[in-house]
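Below is one structure, written out as structure tokens; comments come after it.
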Amino acid sequence: MTILGEYALWIALPISVWGMLLGYVGGRTQRGDYVLSAERSIYAVFFLLVLASLGIVSAFLGDKFEYWYIASYSNREMEFFYKVTGLWAGQRGSLLFWAVILAFFSTLCVFLNRKKNREFMPYVAGVLQTILTFFLVVLLFADVNPFEQLAFTPANGQGLNPQLQNYWMTIHPPTLYLGFTAFTIPFAFAVAALLNGRLDARWIELTRRWILLSWLFLAVGIIFGMRWAYEELGWGGYWFWDPVENASLLPWLTATAFLHSIQIQENRGMLKVWNMSLVLLTFLLTIFATFLTRSGLIESVHSFAQELKIAYIFLSFMGVVLLACILLIIYRLPKLQSENSIQSFLSRESAFLFNNLILLGAAFAVFWGTIFPLVAEGVTGQQVSVGPPFFEKVNFPIGLVLLALAGIGPVIAWRRATKRNLQKNFQIPIMVGCFVAIALWIAGARHGLALVTWSVCAFVLTVIATEFWKGTRARARIEGEGFAVALFHLVTRNRRRWGGYIVHVGIVMIYFAFAGAAYNVDERQHVLPGDQINITSPFGHIYTLTYEGLSVSLGRGQRNLLWQAIATVSVEQDGVAKGILTTEKRQYVTSDQLMTEVGIRSTVREDLYLILSAMDDVDGALSANSSAQGIDLQVLVKPFVLWIWAGGLILALGTVIALWPSVDRRRRSSRPELEAVTTGAPAIAGVAR
């Protein structure tokens, strides 16, 4: 199977080049046979890339260490599950996996449009095959071929990095890849629109769900990565502004801006050049994220720093794509003129545009902070680091503005907001936000940034709750439905609008949790068996932690584990027993570095987080010396962390609702006042029923 996979990879390249050429020529000449052949070539490339992937998985399962990739990321002791996921464990396999997912989405796109939207499909097929060709060239000619064989066959492999042997890490990379590759479809349609000159909102309508799908996978993938860092890296946090973390955040920020700005083009015929630029920028940032992780230019716990040749290939590809798209936009500039203009600063158009500018400002700050060390080292020859303080200082105020706009943008009027509109939509939410700030101040909350964040969260939630209440109440009154039924029908009649509100609720929950970090408690003590640590929660209750002792077990190579030392701690809260927590140090056969496994007790209010920071006498503990029990125990109390994961779940739910097709407008009530409630459009007075 492995040999078949290697042949399949080589056969896929000429087929991809053939399909690329036929796509462009078919679009230019309107030759249906060329177009059909280009589309069928996408099916063929997908099939061949699946064979190549199965070849790699087969090599992992068969312990074929004559292949460099298998010998580097597997060994005989590794569990079956991690051997299967070894496909995306390293640089070479992850590039192949990226290409497989792209080919899958390309195949799905061609299949769904086989009988419709034919004016776009020739160029769409050409663009998709161009990108597939690029990845195949990288795999075959950039010294990253996953089927490269060693000059000899080692008896065993090096094994997978123990930090990557975690459930969240096995699903985090694939989810991000799904987000990166799904956005290729909107990019392909945008380029097709530029090439065929059909530059109305049609290409946006055709790709809206692809955009949402990509955004969903990126958001969920980022949260999965945060959960992995929180559980596995053993430092007590979930986001460190690592370069590769930043690389995944960048396309999410620009895709968010794009999702908001396309509403202006659809409703007002504006920002056409802006939207074309955003779709190009987001696509390039998905490639940039792949490049940054695999180029070898940065050092990161996430990165695969091996070959620099691939860096030049990626940079060249991004440069060519950027230049070609800029030239196309300039060429089509007369057809990209806005049909309307912004009439007032107090309007939804202005709010969305301001939201876009803020998002791009955040993206630029993250991008510049990420690449500045590379630029500085290239210019001065000196290594410079940009750490979390820079990113936090720049992005915290930007984040607060974005949070406020999440409550303002969806409800402010199009064209020009009147005084009555502003008063109706924002008077009560502003009062609630101020009341929450005062109440928290009285309750003892004194951290300024957290206080402002929570009051803005209250403002946004009040706006959203008011919209749901008004819509549901109006529908219940007009249709004579129960409240629950009216709410269900309200959402199903315009899933895009109400799903978006639910997404905003998830965002608010995540912001709420982030602000809680201002009240983190962190204490580190040296303890012996029987010693107690008393630590006061930000909510006033007292945890009493009793260190029970240290137990050591030898892994003898099972699961690549050499030994593990487990510290057992009993937990009491205000004198009431809350169970046992354990935290560990582990030594793996494949790594000289000690790994930390943390102990976490999660509640709605806070997490109790234990870290075995150090052992007094490692050799003594391994020798079962009863006196070698002293450890350094780090105890953290972290408010509202559970709200991050819950907010991610709500965000995903809202996006799925928005993705789901709404009920056909022809089936909606003919009453204009109900249509206004359902869609958010103004009711037209005097329309006959």
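So you can find residues: chains in the structure tokens are A, B, ... in the order shown, residues in each start at 1, and ligands are numbered from 1 in order.
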For this session: List every residue of region 152-305 of chain A that DSSP, applied to the backbone, labels as alpha helix (DSSP H), and write the result as a PyMOL selection string.
Result: chain A and resi 167-182+184-196+202-232+243-268+272-294
Quick one: write out the picked residues with C-alpha atoms as a short mmCIF file (atom, residue, chain, number, x, y, z; two decimals), in the first residue's frame?
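File written: selection07.cif
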data_model
loop_
_atom_site.label_atom_id
_atom_site.label_comp_id
_atom_site.auth_asym_id
_atom_site.auth_seq_id
_atom_site.Cartn_x
_atom_site.Cartn_y
_atom_site.Cartn_z
CA TYR A 167 -6.46 14.12 22.61
CA TRP A 168 -6.85 17.83 21.93
CA MET A 169 -3.67 17.94 19.89
CA THR A 170 -4.90 15.13 17.64
CA ILE A 171 -8.01 17.14 16.66
CA HIS A 172 -6.57 20.66 16.84
CA PRO A 173 -4.39 20.55 13.66
CA PRO A 174 -7.00 18.83 11.45
CA THR A 175 -9.64 21.35 12.51
CA LEU A 176 -7.38 24.26 11.63
CA TYR A 177 -6.49 22.65 8.29
CA LEU A 178 -10.21 22.35 7.55
CA GLY A 179 -10.55 26.08 8.18
CA PHE A 180 -7.52 27.00 6.08
CA THR A 181 -8.53 24.86 3.12
CA ALA A 182 -12.26 25.67 3.19
CA THR A 184 -9.78 28.37 -0.69
CA ILE A 185 -13.24 27.93 -2.21
CA PRO A 186 -14.37 31.58 -1.66
CA PHE A 187 -10.97 32.69 -2.94
CA ALA A 188 -11.40 30.59 -6.09
CA PHE A 189 -14.85 32.07 -6.75
CA ALA A 190 -13.55 35.60 -6.15
CA VAL A 191 -10.74 35.08 -8.68
CA ALA A 192 -13.26 33.52 -11.10
CA ALA A 193 -15.45 36.62 -10.73
CA LEU A 194 -12.47 38.83 -11.50
CA LEU A 195 -11.59 36.75 -14.55
CA ASN A 196 -15.10 36.53 -16.04
CA ARG A 202 -23.44 36.68 -6.86
CA TRP A 203 -20.02 35.18 -6.03
CA ILE A 204 -20.53 36.15 -2.39
CA GLU A 205 -23.95 34.50 -2.31
CA LEU A 206 -22.47 31.31 -3.74
CA THR A 207 -19.66 31.15 -1.19
CA ARG A 208 -21.30 32.49 1.99
CA ARG A 209 -21.62 29.05 3.55
CA TRP A 210 -18.06 28.19 2.61
CA ILE A 211 -16.93 31.37 4.36
CA LEU A 212 -18.93 30.49 7.47
CA LEU A 213 -17.64 26.92 7.39
CA SER A 214 -14.04 28.11 7.20
CA TRP A 215 -14.62 30.64 9.99
CA LEU A 216 -16.20 27.95 12.19
CA PHE A 217 -13.32 25.52 11.74
CA LEU A 218 -10.75 28.24 12.40
CA ALA A 219 -12.53 29.37 15.57
CA VAL A 220 -13.02 25.86 16.92
CA GLY A 221 -9.48 24.86 15.95
CA ILE A 222 -8.06 27.82 17.88
CA ILE A 223 -10.11 26.89 20.96
CA PHE A 224 -8.99 23.25 20.70
CA GLY A 225 -5.39 24.50 20.65
CA MET A 226 -6.05 26.65 23.72
CA ARG A 227 -7.45 23.63 25.54
CA TRP A 228 -4.38 21.58 24.62
CA ALA A 229 -2.02 24.28 25.88
CA TYR A 230 -4.03 24.60 29.10
CA GLU A 231 -3.95 20.88 29.87
CA GLU A 232 -0.63 19.76 28.40
CA PRO A 243 4.11 32.77 16.61
CA VAL A 244 2.16 29.75 15.40
CA GLU A 245 -0.78 30.60 17.66
CA ASN A 246 -0.72 34.05 16.10
CA ALA A 247 -0.54 32.58 12.60
CA SER A 248 -3.82 30.72 13.16
CA LEU A 249 -5.44 33.84 14.64
CA LEU A 250 -4.60 36.11 11.69
CA PRO A 251 -6.89 34.54 9.03
CA TRP A 252 -9.66 34.25 11.62
CA LEU A 253 -9.50 38.01 12.23
CA THR A 254 -9.60 38.91 8.53
CA ALA A 255 -12.29 36.29 7.81
CA THR A 256 -14.38 37.88 10.59
CA ALA A 257 -13.94 41.26 8.92
CA PHE A 258 -14.92 39.74 5.57
CA LEU A 259 -18.08 38.15 7.01
CA HIS A 260 -19.23 41.53 8.26
CA SER A 261 -18.29 43.60 5.22
CA ILE A 262 -20.02 41.34 2.68
CA GLN A 263 -23.30 42.29 4.34
CA ILE A 264 -22.68 45.87 3.23
CA GLN A 265 -22.10 44.76 -0.37
CA GLU A 266 -25.22 42.58 -0.34
CA ASN A 267 -27.47 45.24 1.18
CA ARG A 268 -25.99 48.47 -0.16
CA LYS A 272 -16.59 45.73 -3.55
CA VAL A 273 -12.86 46.44 -3.78
CA TRP A 274 -12.59 46.07 -0.02
CA ASN A 275 -14.23 42.64 -0.08
CA MET A 276 -12.04 41.45 -2.93
CA SER A 277 -9.00 42.60 -0.98
CA LEU A 278 -10.19 40.87 2.19
CA VAL A 279 -10.79 37.52 0.50
CA LEU A 280 -7.32 37.73 -1.06
CA LEU A 281 -5.74 38.72 2.26
CA THR A 282 -7.47 35.94 4.18
CA PHE A 283 -6.40 33.30 1.67
CA LEU A 284 -2.81 34.54 1.77
CA LEU A 285 -2.87 34.42 5.57
CA THR A 286 -3.99 30.79 5.49
CA ILE A 287 -0.95 30.06 3.32
CA PHE A 288 1.19 32.25 5.59
CA ALA A 289 0.12 30.20 8.61
CA THR A 290 1.15 27.02 6.83
CA PHE A 291 4.42 28.64 5.75
CA LEU A 292 5.27 29.97 9.22
CA THR A 293 4.77 26.58 10.86
CA ARG A 294 6.78 24.63 8.30
#
Problem set entry | Residue nearest Val491 (chain A) - candidates A:Gly86, A:Pro373, A:Pro389, A:Pro661, atoms counted: only C-alpha atoms | A:Pro661
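Proximity to Thr418 (chain A) at 12 Å, evaluated using only C-alpha atoms and with sequence-adjacent residues fewer than 3 positions away removed, yields Ser344, Phe345, Leu346, Ser347, Arg348, Ile412, Ala413, Trp414, Arg415, Asn421, Leu422, Gln423, Lys424 and Asn425 of chain A.
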Can those selected residues be exported to a file as a PDB file, in the first residue's frame so that it contains N, CA and C atoms?
ATOM      1  N   SER A 344     -24.166  58.498   6.690  1.00  0.00           N
ATOM      2  CA  SER A 344     -24.053  59.043   8.040  1.00  0.00           C
ATOM      3  C   SER A 344     -23.061  58.208   8.833  1.00  0.00           C
ATOM      4  N   PHE A 345     -22.371  58.870   9.738  1.00  0.00           N
ATOM      5  CA  PHE A 345     -21.484  58.148  10.645  1.00  0.00           C
ATOM      6  C   PHE A 345     -22.283  57.229  11.551  1.00  0.00           C
ATOM      7  N   LEU A 346     -23.503  57.641  11.907  1.00  0.00           N
ATOM      8  CA  LEU A 346     -24.376  56.835  12.759  1.00  0.00           C
ATOM      9  C   LEU A 346     -25.249  55.948  11.878  1.00  0.00           C
ATOM     10  N   SER A 347     -24.660  54.863  11.386  1.00  0.00           N
ATOM     11  CA  SER A 347     -25.379  53.926  10.532  1.00  0.00           C
ATOM     12  C   SER A 347     -24.721  52.560  10.644  1.00  0.00           C
ATOM     13  N   ARG A 348     -25.439  51.539  10.199  1.00  0.00           N
ATOM     14  CA  ARG A 348     -24.882  50.190  10.266  1.00  0.00           C
ATOM     15  C   ARG A 348     -23.678  50.046   9.347  1.00  0.00           C
ATOM     16  N   ILE A 412     -28.125  48.860  14.922  1.00  0.00           N
ATOM     17  CA  ILE A 412     -28.213  50.239  14.466  1.00  0.00           C
ATOM     18  C   ILE A 412     -28.779  50.264  13.049  1.00  0.00           C
ATOM     19  N   ALA A 413     -29.472  51.309  12.674  1.00  0.00           N
ATOM     20  CA  ALA A 413     -30.198  51.360  11.401  1.00  0.00           C
ATOM     21  C   ALA A 413     -29.240  51.502  10.217  1.00  0.00           C
ATOM     22  N   TRP A 414     -29.688  50.966   9.047  1.00  0.00           N
ATOM     23  CA  TRP A 414     -28.966  51.201   7.805  1.00  0.00           C
ATOM     24  C   TRP A 414     -29.120  52.665   7.397  1.00  0.00           C
ATOM     25  N   ARG A 415     -28.197  53.141   6.581  1.00  0.00           N
ATOM     26  CA  ARG A 415     -28.186  54.485   5.991  1.00  0.00           C
ATOM     27  C   ARG A 415     -27.987  55.574   7.040  1.00  0.00           C
ATOM     28  N   ASN A 421     -34.178  55.839  16.961  1.00  0.00           N
ATOM     29  CA  ASN A 421     -33.586  54.517  16.782  1.00  0.00           C
ATOM     30  C   ASN A 421     -32.496  54.254  17.814  1.00  0.00           C
ATOM     31  N   LEU A 422     -31.626  55.248  18.029  1.00  0.00           N
ATOM     32  CA  LEU A 422     -30.549  55.078  18.992  1.00  0.00           C
ATOM     33  C   LEU A 422     -31.088  54.922  20.407  1.00  0.00           C
ATOM     34  N   GLN A 423     -32.070  55.742  20.738  1.00  0.00           N
ATOM     35  CA  GLN A 423     -32.647  55.674  22.084  1.00  0.00           C
ATOM     36  C   GLN A 423     -33.350  54.346  22.311  1.00  0.00           C
ATOM     37  N   LYS A 424     -34.098  53.895  21.313  1.00  0.00           N
ATOM     38  CA  LYS A 424     -34.857  52.654  21.424  1.00  0.00           C
ATOM     39  C   LYS A 424     -33.938  51.449  21.603  1.00  0.00           C
ATOM     40  N   ASN A 425     -32.822  51.429  20.871  1.00  0.00           N
ATOM     41  CA  ASN A 425     -31.958  50.252  20.872  1.00  0.00           C
ATOM     42  C   ASN A 425     -30.898  50.248  21.967  1.00  0.00           C
TER      43      ASN A 425
END
Seminar exercise, completed: One residue among A:Ala518, A:Ala404, A:Val110, A:Val436 is nearest to His504 (chain A) when using only C-alpha atoms, and that residue is A:Ala404
For this session: Work out how far CA of Val485 (chain A) is from CA of Arg473 (chain A), in Å to one decimal.
Result: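 Between these atoms lies a distance of 10.9 Å.
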For this session: Might you pull out every residue within 12 Å of Leu140 (chain A), with only C-alpha atoms counted and same-chain residues fewer than 2 positions away left off, and present them as a PyMOL selection string?
Result: chain A and resi 6-14+92+95-96+133-138+142-148+310
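CA of Leu562 (chain A) to CA of Ser626 (chain A) spans 20.5 Å [interatomic distance, one decimal].
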For this session: Find the spatial neighbours of Ile398 (chain A), counting only C-alpha atoms, within a cut-off of 12 Å - ignore same-chain residues fewer than 6 positions away - and output them as JSON, numbers by chain.
Result: {"A": [354, 355, 356, 357, 358, 359, 360, 361, 362, 363, 364, 365, 366, 391, 392, 404, 405, 453]}
Problem set entry | Among listed residues A:Met1, A:Val637, A:Leu139, A:Leu323, nearest Asp522 (chain A) (using only C-alpha atoms) |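 Distance minimum relative to Asp522 (chain A) lands on A:Val637.
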Exercise. Counting only C-alpha atoms, what is within 9 Å of region 15-21 of chain A, bar same-chain residues fewer than 4 positions away, as a PyMOL selection string?
Worked result: chain A and resi 11+25-26+34-35+37-42+44-45+123+125-130+132-133+136
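Distances here use only C-alpha atoms; by that measure, the residue among A:Val463, A:Thr546, A:Ile408, A:Ile580 closest to Glu349 (chain A) is A:Ile408.
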Exercise. Could you name the residues that touch region 60-63 of chain A at 10 Å or less, counting only C-alpha atoms, but leaving out those on the same chain fewer than 5 positions away, as a PyMOL selection string?
Worked result: chain A and resi 2+54-55+69-71+73-87+155-157
Could you please take those selected residues and save N, CA and C atoms as a PDB file, in the first residue's frame?
ATOM      1  N   THR A   2       2.001   1.189   0.731  1.00  0.00           N
ATOM      2  CA  THR A   2       2.870   2.363   0.813  1.00  0.00           C
ATOM      3  C   THR A   2       3.466   2.708  -0.548  1.00  0.00           C
ATOM      4  N   LEU A  54      -3.283   7.093   2.599  1.00  0.00           N
ATOM      5  CA  LEU A  54      -3.414   5.729   3.107  1.00  0.00           C
ATOM      6  C   LEU A  54      -2.065   5.016   3.111  1.00  0.00           C
ATOM      7  N   GLY A  55      -1.223   5.358   2.135  1.00  0.00           N
ATOM      8  CA  GLY A  55       0.112   4.780   2.107  1.00  0.00           C
ATOM      9  C   GLY A  55       0.929   5.184   3.322  1.00  0.00           C
ATOM     10  N   TYR A  69      10.125   9.676   7.465  1.00  0.00           N
ATOM     11  CA  TYR A  69       9.021  10.284   8.207  1.00  0.00           C
ATOM     12  C   TYR A  69       8.516   9.346   9.306  1.00  0.00           C
ATOM     13  N   ILE A  70       8.406   8.072   9.016  1.00  0.00           N
ATOM     14  CA  ILE A  70       7.925   7.105   9.999  1.00  0.00           C
ATOM     15  C   ILE A  70       8.944   6.948  11.122  1.00  0.00           C
ATOM     16  N   ALA A  71      10.214   6.863  10.758  1.00  0.00           N
ATOM     17  CA  ALA A  71      11.262   6.701  11.771  1.00  0.00           C
ATOM     18  C   ALA A  71      11.358   7.914  12.688  1.00  0.00           C
ATOM     19  N   TYR A  73       8.748   9.996  13.566  1.00  0.00           N
ATOM     20  CA  TYR A  73       7.535  10.330  14.318  1.00  0.00           C
ATOM     21  C   TYR A  73       6.785   9.116  14.858  1.00  0.00           C
ATOM     22  N   SER A  74       7.426   7.956  14.853  1.00  0.00           N
ATOM     23  CA  SER A  74       6.755   6.777  15.393  1.00  0.00           C
ATOM     24  C   SER A  74       7.793   5.811  15.939  1.00  0.00           C
ATOM     25  N   ASN A  75       7.345   4.876  16.736  1.00  0.00           N
ATOM     26  CA  ASN A  75       8.160   3.735  17.143  1.00  0.00           C
ATOM     27  C   ASN A  75       7.230   2.572  17.470  1.00  0.00           C
ATOM     28  N   ARG A  76       7.797   1.452  17.806  1.00  0.00           N
ATOM     29  CA  ARG A  76       6.983   0.244  17.996  1.00  0.00           C
ATOM     30  C   ARG A  76       6.074   0.347  19.218  1.00  0.00           C
ATOM     31  N   GLU A  77       6.471   1.148  20.206  1.00  0.00           N
ATOM     32  CA  GLU A  77       5.706   1.231  21.440  1.00  0.00           C
ATOM     33  C   GLU A  77       4.538   2.216  21.354  1.00  0.00           C
ATOM     34  N   MET A  78       4.452   3.006  20.291  1.00  0.00           N
ATOM     35  CA  MET A  78       3.426   4.037  20.208  1.00  0.00           C
ATOM     36  C   MET A  78       2.055   3.407  20.001  1.00  0.00           C
ATOM     37  N   GLU A  79       1.042   4.017  20.628  1.00  0.00           N
ATOM     38  CA  GLU A  79      -0.308   3.482  20.556  1.00  0.00           C
ATOM     39  C   GLU A  79      -0.874   3.589  19.141  1.00  0.00           C
ATOM     40  N   PHE A  80      -1.823   2.696  18.855  1.00  0.00           N
ATOM     41  CA  PHE A  80      -2.447   2.633  17.528  1.00  0.00           C
ATOM     42  C   PHE A  80      -3.050   3.987  17.142  1.00  0.00           C
ATOM     43  N   PHE A  81      -3.741   4.619  18.071  1.00  0.00           N
ATOM     44  CA  PHE A  81      -4.417   5.889  17.784  1.00  0.00           C
ATOM     45  C   PHE A  81      -3.435   6.947  17.295  1.00  0.00           C
ATOM     46  N   TYR A  82      -2.278   7.042  17.964  1.00  0.00           N
ATOM     47  CA  TYR A  82      -1.307   8.065  17.590  1.00  0.00           C
ATOM     48  C   TYR A  82      -0.554   7.698  16.314  1.00  0.00           C
ATOM     49  N   LYS A  83      -0.507   6.416  15.993  1.00  0.00           N
ATOM     50  CA  LYS A  83       0.077   6.035  14.707  1.00  0.00           C
ATOM     51  C   LYS A  83      -0.812   6.479  13.555  1.00  0.00           C
ATOM     52  N   VAL A  84      -2.134   6.372  13.733  1.00  0.00           N
ATOM     53  CA  VAL A  84      -3.060   6.832  12.693  1.00  0.00           C
ATOM     54  C   VAL A  84      -2.960   8.339  12.530  1.00  0.00           C
ATOM     55  N   THR A  85      -2.929   9.055  13.657  1.00  0.00           N
ATOM     56  CA  THR A  85      -2.857  10.518  13.590  1.00  0.00           C
ATOM     57  C   THR A  85      -1.453  11.007  13.249  1.00  0.00           C
ATOM     58  N   GLY A  86      -0.499  10.068  13.125  1.00  0.00           N
ATOM     59  CA  GLY A  86       0.845  10.455  12.715  1.00  0.00           C
ATOM     60  C   GLY A  86       0.883  11.089  11.335  1.00  0.00           C
ATOM     61  N   LEU A  87      -0.184  10.908  10.564  1.00  0.00           N
ATOM     62  CA  LEU A  87      -0.250  11.517   9.233  1.00  0.00           C
ATOM     63  C   LEU A  87       0.000  13.014   9.293  1.00  0.00           C
ATOM     64  N   ALA A 155      16.240  -0.106  13.813  1.00  0.00           N
ATOM     65  CA  ALA A 155      15.474  -1.132  14.521  1.00  0.00           C
ATOM     66  C   ALA A 155      14.192  -0.567  15.108  1.00  0.00           C
ATOM     67  N   ASN A 156      14.217   0.724  15.437  1.00  0.00           N
ATOM     68  CA  ASN A 156      13.034   1.362  16.012  1.00  0.00           C
ATOM     69  C   ASN A 156      13.059   2.839  15.656  1.00  0.00           C
ATOM     70  N   GLY A 157      11.911   3.477  15.762  1.00  0.00           N
ATOM     71  CA  GLY A 157      11.822   4.894  15.442  1.00  0.00           C
ATOM     72  C   GLY A 157      12.037   5.772  16.665  1.00  0.00           C
TER      73      GLY A 157
END
Exercise. CA of Ser570 (chain A) to CA of Leu545 (chain A): how many Å, to one decimal?
Worked result: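 About the pair CA of Ser570 (chain A) and CA of Leu545 (chain A): they are 5.7 Å apart.
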Exercise. Pick the closest to Arg28 (chain A) from A:Ala624, A:Phe104, A:Glu119, A:Leu328: which is it, counting only C-alpha atoms?
Worked result: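 Closest candidate: A:Glu119.
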Problem set entry | Proximity to Gly500 (chain A) - best of A:Met318, A:Leu402, A:Leu612, A:Leu651, only C-alpha atoms |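 Ranking A:Met318, A:Leu402, A:Leu612, A:Leu651 by distance to Gly500 (chain A), first place goes to A:Leu651.
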